[in-house]
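S.K.: What follows is a structure written as structure tokens; I'll ask about it next.
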Amino acid sequence: VLPDWQRRGVGQALLDTFLQECPERRIVSTIIHQPVRNTRSIQFLVDKNGWKPWREVRTEKRVWGFYELAR
């Protein structure tokens with residue numbers, strides 16, 4: 001979400017709509033961990049919405065965090 005629109009519920013509304021429309025029982029999301037850790041996205045998924053860390057994958061230039069939501 002663009003900075004001017006953050007803290008207005010836009011991201012939560014998008015996630016809520018996605019979860020309502022998605023028929024899958026297990027959903028995985030990817031967030032970059034390195035070279036820059038996307039802390040706000042991690043907090044949004046894990047702390048606010050109950051997603052669980054699943055695994056971390058290292059590539060040549062990045063470290064990716066995978067998070068899952070099992071419904």
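Lettering and numbering for the structure tokens are positional, with chains as A, B, ... in the shown order, residues counted from 1 in each chain, and ligands counted from 1 in the shown order.
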Set the distance at 12 Å and use only C-alpha atoms: which residues neighbour region 51-55 of chain A once local chain neighbours fewer than 2 positions away are removed? I'd like the list as a JSON list (two decimals) with C-alpha atoms, in the first residue's frame.
M.R.:
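Result saved to part_37.json:
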[["chain", "number", "residue", "atom", "x", "y", "z"],
["A", 15, "LEU", "CA", -6.59, -9.14, 2.69],
["A", 26, "ARG", "CA", -3.92, -23.22, 3.06],
["A", 27, "ILE", "CA", -2.45, -19.97, 1.75],
["A", 28, "VAL", "CA", 1.24, -19.04, 1.56],
["A", 29, "SER", "CA", 2.66, -15.53, 1.34],
["A", 30, "THR", "CA", 6.25, -14.47, 0.65],
["A", 31, "ILE", "CA", 7.99, -11.53, 2.32],
["A", 32, "ILE", "CA", 11.58, -10.46, 1.77],
["A", 33, "HIS", "CA", 13.87, -10.85, 4.79],
["A", 41, "SER", "CA", 4.60, -6.68, 6.39],
["A", 42, "ILE", "CA", 5.67, -9.40, 8.79],
["A", 43, "GLN", "CA", 3.89, -7.68, 11.68],
["A", 44, "PHE", "CA", 0.79, -7.22, 9.53],
["A", 45, "LEU", "CA", 0.55, -10.91, 8.64],
["A", 46, "VAL", "CA", 1.84, -12.54, 11.83],
["A", 47, "ASP", "CA", 0.88, -10.23, 14.69],
["A", 48, "LYS", "CA", -2.31, -8.75, 13.30],
["A", 49, "ASN", "CA", -3.70, -11.59, 11.17],
["A", 57, "VAL", "CA", 14.71, -19.69, 1.56],
["A", 58, "ARG", "CA", 18.08, -18.21, 0.62],
["A", 63, "VAL", "CA", 16.45, -14.28, 1.81],
["A", 64, "TRP", "CA", 12.73, -14.93, 1.49],
["A", 65, "GLY", "CA", 10.36, -15.67, 4.34],
["A", 66, "PHE", "CA", 7.33, -17.83, 3.62],
["A", 67, "TYR", "CA", 4.28, -17.47, 5.87],
["A", 68, "GLU", "CA", 1.20, -19.65, 5.89],
["A", 69, "LEU", "CA", -2.40, -19.37, 6.94],
["A", 70, "ALA", "CA", -4.23, -22.64, 7.44],
["A", 71, "ARG", "CA", -8.00, -22.26, 7.70]]
S.K.: Please identify which residues in chain A DSSP calls helix (DSSP H, G or I) from the backbone, and express them as a list in words.
M.R.: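 Here is the list: Pro3, Asp4, Trp5, Val10, Gly11, Gln12, Ala13, Leu14, Leu15, Asp16, Thr17, Phe18, Leu19, Gln20, Glu21, Thr39, Arg40, Ser41, Ile42, Gln43, Phe44, Leu45, Val46, Asp47, Lys48 and Asn49 of chain A.
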S.K.: Report as a list in words: the residues of region 19-55 of chain A with a DSSP assignment of strand (DSSP E or B), based on the backbone of this structure.
M.R.: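 Taking region 19-55 of chain A and keeping strand (DSSP E or B) gives Arg26, Ile27, Val28, Ser29, Thr30, Ile31, Ile32, His33, Gln34, Lys52, Pro53, Trp54 and Arg55 of chain A.
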S.K.: Those same residues, written as a JSON list (two decimals), in the first residue's frame with all heavy atoms?
M.R.:
[["chain", "number", "residue", "atom", "x", "y", "z"],
["A", 26, "ARG", "N", -5.27, -23.63, 2.65],
["A", 26, "ARG", "CA", -3.92, -23.22, 3.06],
["A", 26, "ARG", "C", -3.42, -22.18, 2.06],
["A", 26, "ARG", "O", -3.45, -22.41, 0.85],
["A", 26, "ARG", "CB", -2.98, -24.42, 3.08],
["A", 26, "ARG", "CG", -1.57, -24.07, 3.49],
["A", 26, "ARG", "CD", -0.72, -25.34, 3.58],
["A", 26, "ARG", "NE", 0.65, -25.01, 3.85],
["A", 26, "ARG", "CZ", 1.61, -24.97, 2.93],
["A", 26, "ARG", "NH1", 1.34, -25.24, 1.68],
["A", 26, "ARG", "NH2", 2.84, -24.66, 3.27],
["A", 27, "ILE", "N", -2.94, -21.07, 2.59],
["A", 27, "ILE", "CA", -2.45, -19.97, 1.75],
["A", 27, "ILE", "C", -1.04, -19.63, 2.20],
["A", 27, "ILE", "O", -0.76, -19.58, 3.40],
["A", 27, "ILE", "CB", -3.36, -18.74, 1.89],
["A", 27, "ILE", "CG1", -4.80, -19.10, 1.53],
["A", 27, "ILE", "CG2", -2.86, -17.60, 0.99],
["A", 27, "ILE", "CD1", -5.81, -18.08, 1.95],
["A", 28, "VAL", "N", -0.14, -19.40, 1.25],
["A", 28, "VAL", "CA", 1.24, -19.04, 1.56],
["A", 28, "VAL", "C", 1.54, -17.67, 0.97],
["A", 28, "VAL", "O", 1.17, -17.37, -0.15],
["A", 28, "VAL", "CB", 2.22, -20.10, 0.99],
["A", 28, "VAL", "CG1", 3.66, -19.69, 1.22],
["A", 28, "VAL", "CG2", 1.95, -21.46, 1.62],
["A", 29, "SER", "N", 2.23, -16.85, 1.77],
["A", 29, "SER", "CA", 2.66, -15.53, 1.34],
["A", 29, "SER", "C", 4.17, -15.44, 1.47],
["A", 29, "SER", "O", 4.77, -16.08, 2.34],
["A", 29, "SER", "CB", 1.99, -14.46, 2.21],
["A", 29, "SER", "OG", 2.42, -13.18, 1.83],
["A", 30, "THR", "N", 4.80, -14.64, 0.63],
["A", 30, "THR", "CA", 6.25, -14.47, 0.65],
["A", 30, "THR", "C", 6.59, -13.02, 1.00],
["A", 30, "THR", "O", 6.00, -12.10, 0.43],
["A", 30, "THR", "CB", 6.86, -14.81, -0.71],
["A", 30, "THR", "OG1", 6.42, -16.11, -1.10],
["A", 30, "THR", "CG2", 8.35, -14.77, -0.67],
["A", 31, "ILE", "N", 7.53, -12.85, 1.92],
["A", 31, "ILE", "CA", 7.99, -11.53, 2.32],
["A", 31, "ILE", "C", 9.51, -11.55, 2.33],
["A", 31, "ILE", "O", 10.13, -12.50, 2.83],
["A", 31, "ILE", "CB", 7.48, -11.15, 3.72],
["A", 31, "ILE", "CG1", 5.95, -11.13, 3.75],
["A", 31, "ILE", "CG2", 8.04, -9.80, 4.15],
["A", 31, "ILE", "CD1", 5.36, -10.92, 5.12],
["A", 32, "ILE", "N", 10.12, -10.50, 1.81],
["A", 32, "ILE", "CA", 11.58, -10.46, 1.77],
["A", 32, "ILE", "C", 12.14, -10.24, 3.18],
["A", 32, "ILE", "O", 11.60, -9.46, 3.95],
["A", 32, "ILE", "CB", 12.08, -9.40, 0.78],
["A", 32, "ILE", "CG1", 13.55, -9.59, 0.51],
["A", 32, "ILE", "CG2", 11.77, -8.00, 1.26],
["A", 32, "ILE", "CD1", 14.04, -8.95, -0.75],
["A", 33, "HIS", "N", 13.20, -10.99, 3.50],
["A", 33, "HIS", "CA", 13.87, -10.85, 4.79],
["A", 33, "HIS", "C", 15.22, -10.15, 4.66],
["A", 33, "HIS", "O", 15.64, -9.46, 5.57],
["A", 33, "HIS", "CB", 14.10, -12.22, 5.43],
["A", 33, "HIS", "CG", 12.86, -12.80, 6.02],
["A", 33, "HIS", "ND1", 12.89, -13.95, 6.76],
["A", 33, "HIS", "CD2", 11.57, -12.41, 6.02],
["A", 33, "HIS", "CE1", 11.67, -14.25, 7.18],
["A", 33, "HIS", "NE2", 10.85, -13.33, 6.73],
["A", 34, "GLN", "N", 15.91, -10.37, 3.56],
["A", 34, "GLN", "CA", 17.20, -9.71, 3.31],
["A", 34, "GLN", "C", 17.32, -9.45, 1.83],
["A", 34, "GLN", "O", 16.83, -10.25, 1.04],
["A", 34, "GLN", "CB", 18.36, -10.60, 3.76],
["A", 34, "GLN", "CG", 18.51, -10.68, 5.24],
["A", 34, "GLN", "CD", 19.69, -11.58, 5.63],
["A", 34, "GLN", "OE1", 20.48, -12.00, 4.79],
["A", 34, "GLN", "NE2", 19.82, -11.87, 6.90],
["A", 52, "LYS", "N", 1.50, -17.86, 10.24],
["A", 52, "LYS", "CA", 2.63, -18.52, 10.91],
["A", 52, "LYS", "C", 3.83, -18.58, 9.97],
["A", 52, "LYS", "O", 3.68, -18.87, 8.77],
["A", 52, "LYS", "CB", 2.26, -19.95, 11.31],
["A", 52, "LYS", "CG", 1.01, -20.07, 12.16],
["A", 52, "LYS", "CD", 1.27, -19.61, 13.55],
["A", 52, "LYS", "CE", 0.01, -19.85, 14.37],
["A", 52, "LYS", "NZ", -0.20, -18.88, 15.39],
["A", 53, "PRO", "N", 5.04, -18.33, 10.51],
["A", 53, "PRO", "CA", 6.24, -18.53, 9.69],
["A", 53, "PRO", "C", 6.31, -20.00, 9.27],
["A", 53, "PRO", "O", 6.09, -20.89, 10.09],
["A", 53, "PRO", "CB", 7.39, -18.17, 10.61],
["A", 53, "PRO", "CG", 6.78, -17.37, 11.70],
["A", 53, "PRO", "CD", 5.36, -17.84, 11.84],
["A", 54, "TRP", "N", 6.61, -20.23, 8.00],
["A", 54, "TRP", "CA", 6.65, -21.60, 7.50],
["A", 54, "TRP", "C", 8.09, -22.02, 7.19],
["A", 54, "TRP", "O", 8.57, -23.03, 7.65],
["A", 54, "TRP", "CB", 5.75, -21.72, 6.28],
["A", 54, "TRP", "CG", 5.77, -23.06, 5.62],
["A", 54, "TRP", "CD1", 5.66, -24.28, 6.22],
["A", 54, "TRP", "CD2", 5.92, -23.32, 4.23],
["A", 54, "TRP", "NE1", 5.72, -25.28, 5.28],
["A", 54, "TRP", "CE2", 5.88, -24.71, 4.05],
["A", 54, "TRP", "CE3", 6.06, -22.51, 3.12],
["A", 54, "TRP", "CZ2", 5.99, -25.29, 2.79],
["A", 54, "TRP", "CZ3", 6.17, -23.08, 1.88],
["A", 54, "TRP", "CH2", 6.13, -24.47, 1.73],
["A", 55, "ARG", "N", 8.78, -21.22, 6.37],
["A", 55, "ARG", "CA", 10.16, -21.53, 6.05],
["A", 55, "ARG", "C", 10.86, -20.30, 5.52],
["A", 55, "ARG", "O", 10.23, -19.32, 5.16],
["A", 55, "ARG", "CB", 10.25, -22.69, 5.06],
["A", 55, "ARG", "CG", 9.69, -22.38, 3.69],
["A", 55, "ARG", "CD", 9.64, -23.57, 2.79],
["A", 55, "ARG", "NE", 10.98, -24.03, 2.49],
["A", 55, "ARG", "CZ", 11.28, -24.89, 1.56],
["A", 55, "ARG", "NH1", 10.33, -25.42, 0.82],
["A", 55, "ARG", "NH2", 12.51, -25.26, 1.33]]
